[in-house]
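Student: Got a structure here, written out as C-alpha cells. Questions coming.
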Amino acid sequence: MSERSSSVQRAEALERVARGWDAAAEGYDGYFVPRFAPWVALAVDGVGEVPGGPILVPCCGTFPELKLLLERFPGREIAGIDLSAGMVRIARERAARSPMVEVIQGDASTLDPRWTAGCAGVVSVFGLQQLPEPEDAVQSWFGALRPGGRLSVVYWPAVTEEDGPFALLSRLLPGRSVPDWEAGLVPRLSALGATIERDEQAAFPMSHADAAGFFDAFAQSGPLRAAAIARGDEFIADLRMRFLQQAPGGEWTHHPRARLIVARR
Ligand SMILES: C[S@@+](CC[C@H](N)C(=O)[O-])C[C@H]1O[C@@H](n2cnc3c(N)ncnc32)[C@H](O)[C@@H]1O
C-alpha cells in the first residue's frame, strides 16, 4: 500500500472513531463514567508523588479524571486531549472553572513536541486500546515525562472476563483476537529506560439493570457506537437479539479486569 493511501486510511479510521464518540458522548457520561470511576481513581492514584510540571490526560473523553487530579495537584497545569468534538465539548464544560486546565481536540497517539520531557505525569484511562498503534502511543506518552515523572495507564485488554456482558459480546463479534501489542507495551517502555512500578490487573464490580440496558448503553453510548454508525441498524438489531438470547435475566453484575501499568522516568 502506498504511504499516501495508508495515511488516508488511518485518517478515515480516526474519523470513524471520532464520529462514534461524538454521538455517544452524552450517554457515555451518564452511563459509563460512574461505572468506570474505580478504574479512573486507580489510574490517578498511580501518578503518585511527582515533580512540578503539567499533567497530561490523553483520551480524556468527558474528563472524569479531572476532579481527582485537581484535588491531588491543585494549581497545576492540566491538559486533556481527545479526538472527539462531542467529548471535548463536555470536557470543556467540566474544566470551565479551572483556569489552569485546557482541553485540546486532536489525536493523542503522538503528543505535540511542546510537551516533550516537560511533564510531571501522563494519565490515561480506557483510550489506549482504541489507538491504531498503542505501543507507539505509550512511547510518545512516556517521552512527555521529565525525570521522576510517571505514566499511569489503564486500558481494557482483549480478554477482560470469562463471563459477563463484555465476554458475551466478544464471543458474538467475530474476528476479535488477542492483539500482539499488549505483550509489547512493557518491553517498549523498558527499552526507553522506564522503571515499571506496577503492571497488574484490576477488577471492580459493575452492575446493569438488565442485559438489554447494558446492550443499549454499549451500542448507543459506548465503543460499539462507531460500528453501529458504520454497519447500520440491522447489524445492531441482529447482534442485540443474539446477545439477549444468551444473556441472563434480571440485574447483571460482573467484575471485568482492566490492566494498569505505572512507569517512572
Ligand atoms: C472509553 S472513552 C474513555 C474516556 C475517559 N478517559 C474515561 O475514562 O471515561 C475513550 C476515549 O478515547 C478517545 N479516543 C479514541 N481514539 C483517540 C485518539 N486517537 N486520540 C485521542 N482520543 C481518542 C475517544 O474519543 C473517547 O473519548
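Residues in the C-alpha cells are named by chain (A, B, ... in the order shown) and by number from 1 within that chain; ligands are numbered from 1 in the order shown.
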Apply DSSP to the structure's backbone, then extract all residues of region 10-223 of chain A labelled strand (DSSP E or B) and return them as a ChimeraX atom specification.
Tutor: /A:55-58,78-82,101-105,119-125,145-155,195-203,206-208
Student: Can you list, as JSON, numbers by chain, every protein, DNA or RNA residue that comes within 12 Å of Glu251 (chain A) when you count only C-alpha atoms, leaving out same-chain residues fewer than 5 positions away?
Tutor: {"A": [164, 165, 206, 207, 208, 209, 210, 211, 212, 213, 214]}
Student: Within 12 Å of Val138 (chain A), counting only C-alpha atoms, which residues show up once you throw out same-chain ones fewer than 4 positions away? Write them as number ranges by chain, please.
Tutor: A: 58, 108-111, 122-124, 127-129, 131-134, 142-145, 150-155, 181-182, 184-192, 194, 261-263
Student: For a quick check of understanding, using only C-alpha atoms and all ligand atoms, which of A:Tyr28, A:Phe126, A:Trp115, A:Trp156 has the smallest distance to ligand 1?
Tutor: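 For ligand 1, the nearest of the given residues is A:Phe126.
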Student: So that each row is one residue of region 182-248 of chain A with an atom at most 12 Å from region 9-14 of chain A, can you give its shortest atom pair and the distance in Å to one decimal, using only C-alpha atoms, rows by chain and rising number, as a Markdown table?
Tutor:
```
| residue | atom | partner | partner_atom | distance |
| --- | --- | --- | --- | --- |
| A:Ala226 | CA | A:Ala13 | CA | 10.0 |
| A:Ala227 | CA | A:Ala13 | CA | 11.3 |
| A:Ala230 | CA | A:Ala13 | CA | 10.8 |
```
Student: Could you save those same residues with N, CA, C and O atoms as a CSV table (one decimal), in the first residue's frame?
Tutor:
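Below is the file again32.csv, written as the result:
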```
chain,number,residue,atom,x,y,z
A,226,ALA,N,-19.5,3.5,17.1
A,226,ALA,CA,-18.9,3.7,15.8
A,226,ALA,C,-19.2,2.6,14.8
A,226,ALA,O,-19.5,2.8,13.6
A,227,ALA,N,-19.3,1.3,15.3
A,227,ALA,CA,-19.7,0.2,14.5
A,227,ALA,C,-21.1,0.3,14.1
A,227,ALA,O,-21.5,0.0,13.0
A,230,ALA,N,-21.3,2.7,11.3
A,230,ALA,CA,-20.7,2.2,10.0
A,230,ALA,C,-21.5,1.0,9.5
A,230,ALA,O,-21.7,0.9,8.3
```
Student: Taking into account only C-alpha atoms and all ligand atoms, which residue in the set A:His254, A:Arg16, A:Arg97, A:Arg198 is nearest to ligand 1?
Tutor: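 The closest residue to ligand 1 is A:Arg16.
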